[in-house]
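Student: Before we start, here is the structure in question, set down as structure tokens.
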Amino acid sequence: METGNIQLKNSNVIRIDKNFSENSLDWLKVFGQDANLCFDIILYVSNDTQKDIFNFGKIDLTRFSKTMGYSKNNLQAKAVIPAQTELENKGTFNALERSKKFITVFENALYKLGRFNIPVTSISYDREKGEQILTTNFIQIIKEIKIHVLSEKVHSKIFYSYTTSEEFDYNLSRYFFFADLQLVKELRDKNLLLLYFYLKNIENGKHHQFIERDFEKLCLFAGIKMSQENIKYTKKNLQVRKLSKVKDYINFDYEPINVSGKWKYGFSFIFKNNKENIENQDFEVIAQADRDFIDLKLLKYYKRRYKITDVDMESYKIWFFNKDLDYENKKDIYFKAMADLYKITKEKASTRFFKRADEFFNKTK
């Protein structure tokens with residue numbers, strides 16, 4: 001049993017869904033004023049799947065605030081216009097019971113991650129037909145949310161548990177790029193986060209040179225409003241206040257170029273670290289992504305099977321390695337997971353990965 005990326009085990013770099021680069025502008029429209037917090041909850045959950053899986057499925061606001069750079073008090077403040085009351089005609093706060101409402105700033109963002117379907121692209125391969133298939137689904141990120149209220153003598157303590165969607169889990173293992181979680185707060189505060197994700201995604205795609213012809217899209221990623229009356233100022237603003245600032249975080253160069261289209265401006269990006277690709281790292285990255293995906297499936301099963309929210313690491317390890325405890329179910333989960341990842345039938349997966357399954361459940365730390 002292994003958790004944590006092979007190459008990046010002691011770093012803050014994690015796999016991030018490519019949709020943060022490719023569909024985030026649409027997500028902004030869906031999540032509205034809660035977009036930044038919604039994004040950060042997704043990143044927090046993504047981090048737990050890779051770096052701290054035994055905290056996956058549970059959010060304690062103290063830990064969340066420390067990890068993502070928030071004031072806990074601000075997150076616990078009442079939402080001005082809660083999405084639940086607005087969308088479901090539930091009336092005012094007072095008309096709702098505590099167990100049925102999402103009343104705080106944090107809960108409002110959590111609610112939107114479950115309530116709204118957002119566009120999420122994924123990639124798969126049909127090896128028999130030789131096809132690469134790019135699919136867009138409209139999914140929930142979170143499909144179940146529980147608010148836990150622990151009554152104490154003076155105060156009540158609240159924490160949250162959640163279950164992610166299958167599509168979300170899959171993308172973290174097959175449709176991702178790498179980025180540094182520790183930079184998120186700093187980049188968010190400078191309104192550079194989406195531009196950073198956009199450029200990191202391109203860099204991770206191993207492009208040495210990449211030409212972006214969509215000037216308006218770059219401005220939207222950078223949080224710059226287009227000014228048709230003074231387009232030259234907008235271009236300078238993008239270069240000086242945004243692209244040049246992101247160079248502090250990514251090793252790249254850029255130059256403006258003339259292109260056809262509405263705005264006639266484009267940019268050529270040069271990613272210096274990609275001059276020599278290191279192909280032999282790919283296998284290790286995918287192998288670790290496979291393990292993380294299977295670990296997550298098994299952890300979800302374990303929590304359902306024993307009806308628990310908090311997972312004790314040592315108890316889980318005993319269950320994981322014990323062939324007298326749910327072993328056939330564990331192997332079935334393994335083969336289904338591999339079938340999902342490699343787009344083959346479960347029968348083929350059980351034949352192709354039979355030996356690997358035994359090795360998986362016999363590894364020790």
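To be explicit about the labels: the chains of the structure tokens are called A, B, and onward in the order shown, and within each one the residues are counted from 1, while ligands get numbers from 1 in the order they are shown.
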Excluding region 11-15 of chain A and its own-chain neighbours fewer than 6 positions away, which residues fall within 10 Å of it when counting only C-alpha atoms? Please give them as a PyMOL selection string.
Tutor: chain A and resi 4-5+43+46-51+171-183+285+289
Student: Identify which of the residues A:Lys343, A:Lys66, A:Lys300, A:His148 lies closest to Ile133 (chain A), counting only C-alpha atoms when measuring atom-to-atom distances.
Tutor: A:Lys343
Student: Taking the chain letters and numbering used in this document, name the residues of region 249-330 of chain A that DSSP puts in alpha helix (DSSP H), as a PyMOL selection string.
Tutor: chain A and resi 281-306+313-321+327-330
Student: Give me the residues within 7 Å of Asn274 (chain A) as an mmCIF file with N, CA and C atoms, in the first residue's frame, counting only C-alpha atoms and dropping any in the same chain fewer than 4 places off.
Tutor:
```cif
data_model
loop_
_atom_site.group_PDB
_atom_site.id
_atom_site.type_symbol
_atom_site.label_atom_id
_atom_site.label_comp_id
_atom_site.auth_asym_id
_atom_site.auth_seq_id
_atom_site.Cartn_x
_atom_site.Cartn_y
_atom_site.Cartn_z
ATOM 1 N N LYS A 206 4.572 19.324 -22.219
ATOM 2 C CA LYS A 206 5.906 19.143 -22.811
ATOM 3 C C LYS A 206 6.135 19.989 -24.062
ATOM 4 N N HIS A 207 5.355 21.054 -24.174
ATOM 5 C CA HIS A 207 5.601 21.979 -25.273
ATOM 6 C C HIS A 207 6.879 22.771 -25.008
ATOM 7 N N HIS A 208 7.747 22.805 -25.995
ATOM 8 C CA HIS A 208 8.881 23.723 -25.891
ATOM 9 C C HIS A 208 8.434 25.108 -26.336
#
```
Student: From a DSSP pass on the backbone, collect the residues of region 32-210 of chain A flagged as strand (DSSP E) and hand them back as number ranges by chain.
Tutor: A: 58-59, 118-126, 131-139, 142-151, 156-164, 176-180, 209-210
Student: Tell me, as a PDB file with N, CA and C atoms, in the first residue's frame, which residues lie within 10 Å of Ile211 (chain A), counting only C-alpha atoms; anything in the same chain fewer than 6 positions away does not count.
Tutor:
```pdb
ATOM      1  N   TYR A 254       8.229  34.738 -23.147  1.00  0.00           N
ATOM      2  CA  TYR A 254       7.117  34.973 -24.055  1.00  0.00           C
ATOM      3  C   TYR A 254       7.415  36.192 -24.919  1.00  0.00           C
ATOM      4  N   GLU A 255       6.739  36.247 -26.043  1.00  0.00           N
ATOM      5  CA  GLU A 255       6.817  37.440 -26.880  1.00  0.00           C
ATOM      6  C   GLU A 255       5.497  37.628 -27.608  1.00  0.00           C
ATOM      7  N   PRO A 256       5.027  38.880 -27.736  1.00  0.00           N
ATOM      8  CA  PRO A 256       3.787  39.124 -28.469  1.00  0.00           C
ATOM      9  C   PRO A 256       4.005  38.921 -29.962  1.00  0.00           C
ATOM     10  N   ILE A 257       3.001  38.387 -30.637  1.00  0.00           N
ATOM     11  CA  ILE A 257       3.088  38.185 -32.081  1.00  0.00           C
ATOM     12  C   ILE A 257       1.776  38.649 -32.716  1.00  0.00           C
ATOM     13  N   VAL A 259      -1.339  37.992 -35.065  1.00  0.00           N
ATOM     14  CA  VAL A 259      -2.109  36.846 -35.553  1.00  0.00           C
ATOM     15  C   VAL A 259      -3.385  37.370 -36.212  1.00  0.00           C
ATOM     16  N   GLY A 266      -1.449  37.888 -30.336  1.00  0.00           N
ATOM     17  CA  GLY A 266      -1.228  36.564 -29.793  1.00  0.00           C
ATOM     18  C   GLY A 266       0.085  36.541 -29.053  1.00  0.00           C
ATOM     19  N   PHE A 267       0.412  35.400 -28.454  1.00  0.00           N
ATOM     20  CA  PHE A 267       1.674  35.293 -27.716  1.00  0.00           C
ATOM     21  C   PHE A 267       2.332  33.959 -28.009  1.00  0.00           C
ATOM     22  N   SER A 268       3.633  34.008 -28.168  1.00  0.00           N
ATOM     23  CA  SER A 268       4.439  32.805 -28.312  1.00  0.00           C
ATOM     24  C   SER A 268       5.135  32.547 -26.976  1.00  0.00           C
ATOM     25  N   PHE A 269       4.916  31.358 -26.428  1.00  0.00           N
ATOM     26  CA  PHE A 269       5.512  30.986 -25.142  1.00  0.00           C
ATOM     27  C   PHE A 269       6.617  29.961 -25.372  1.00  0.00           C
ATOM     28  N   ILE A 270       7.736  30.156 -24.706  1.00  0.00           N
ATOM     29  CA  ILE A 270       8.857  29.214 -24.754  1.00  0.00           C
ATOM     30  C   ILE A 270       9.078  28.670 -23.348  1.00  0.00           C
TER      31      ILE A 270
END
```
Student: Could you tell me how far CA of Glu284 (chain A) lies from CA of Thr136 (chain A), in Å and to one decimal?
Tutor: 27.0 Å
Student: Measuring between only C-alpha atoms, which one of A:Leu75, A:Leu298, A:Ala222, A:Ile318 shows the shortest distance to Gln239 (chain A)?
Tutor: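 Checking each of A:Leu75, A:Leu298, A:Ala222, A:Ile318 against Gln239 (chain A), counting only C-alpha atoms, the winner is A:Ala222.
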Student: Name the residues in contact with region 245-250 of chain A at a cut-off of 8 Å, using only C-alpha atoms, excluding same-chain residues fewer than 6 positions from it; report them as an mmCIF file with N, CA and C atoms, in the first residue's frame.
Tutor:
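So part.cif came out as:
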```cif
data_model
loop_
_atom_site.group_PDB
_atom_site.id
_atom_site.type_symbol
_atom_site.label_atom_id
_atom_site.label_comp_id
_atom_site.auth_asym_id
_atom_site.auth_seq_id
_atom_site.Cartn_x
_atom_site.Cartn_y
_atom_site.Cartn_z
ATOM 1 N N LEU A 192 -3.515 35.782 -9.997
ATOM 2 C CA LEU A 192 -2.704 35.134 -11.030
ATOM 3 C C LEU A 192 -2.961 33.627 -11.126
ATOM 4 N N LEU A 195 -4.214 32.033 -14.520
ATOM 5 C CA LEU A 195 -3.177 32.193 -15.539
ATOM 6 C C LEU A 195 -2.011 31.244 -15.271
ATOM 7 N N TYR A 196 -1.655 31.078 -14.005
ATOM 8 C CA TYR A 196 -0.613 30.122 -13.603
ATOM 9 C C TYR A 196 -1.019 28.699 -14.000
ATOM 10 N N LYS A 200 0.959 26.358 -16.567
ATOM 11 C CA LYS A 200 1.496 25.093 -16.039
ATOM 12 C C LYS A 200 0.976 23.907 -16.841
#
```
Student: With only C-alpha atoms as the basis for distance, which of A:Asn322, A:Asn362, A:Ser124, A:Ser21 is at the shortest distance from Ala339 (chain A)?
Tutor: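 Result for the nearest residue to Ala339 (chain A): A:Ser124.
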Student: Report as a PyMOL selection string all protein, DNA and RNA residues lying within 12 Å of Asn237 (chain A), evaluated on only C-alpha atoms, omitting residues in the same chain fewer than 2 positions from it.
Tutor: chain A and resi 218-219+222-227+230-235+239-245
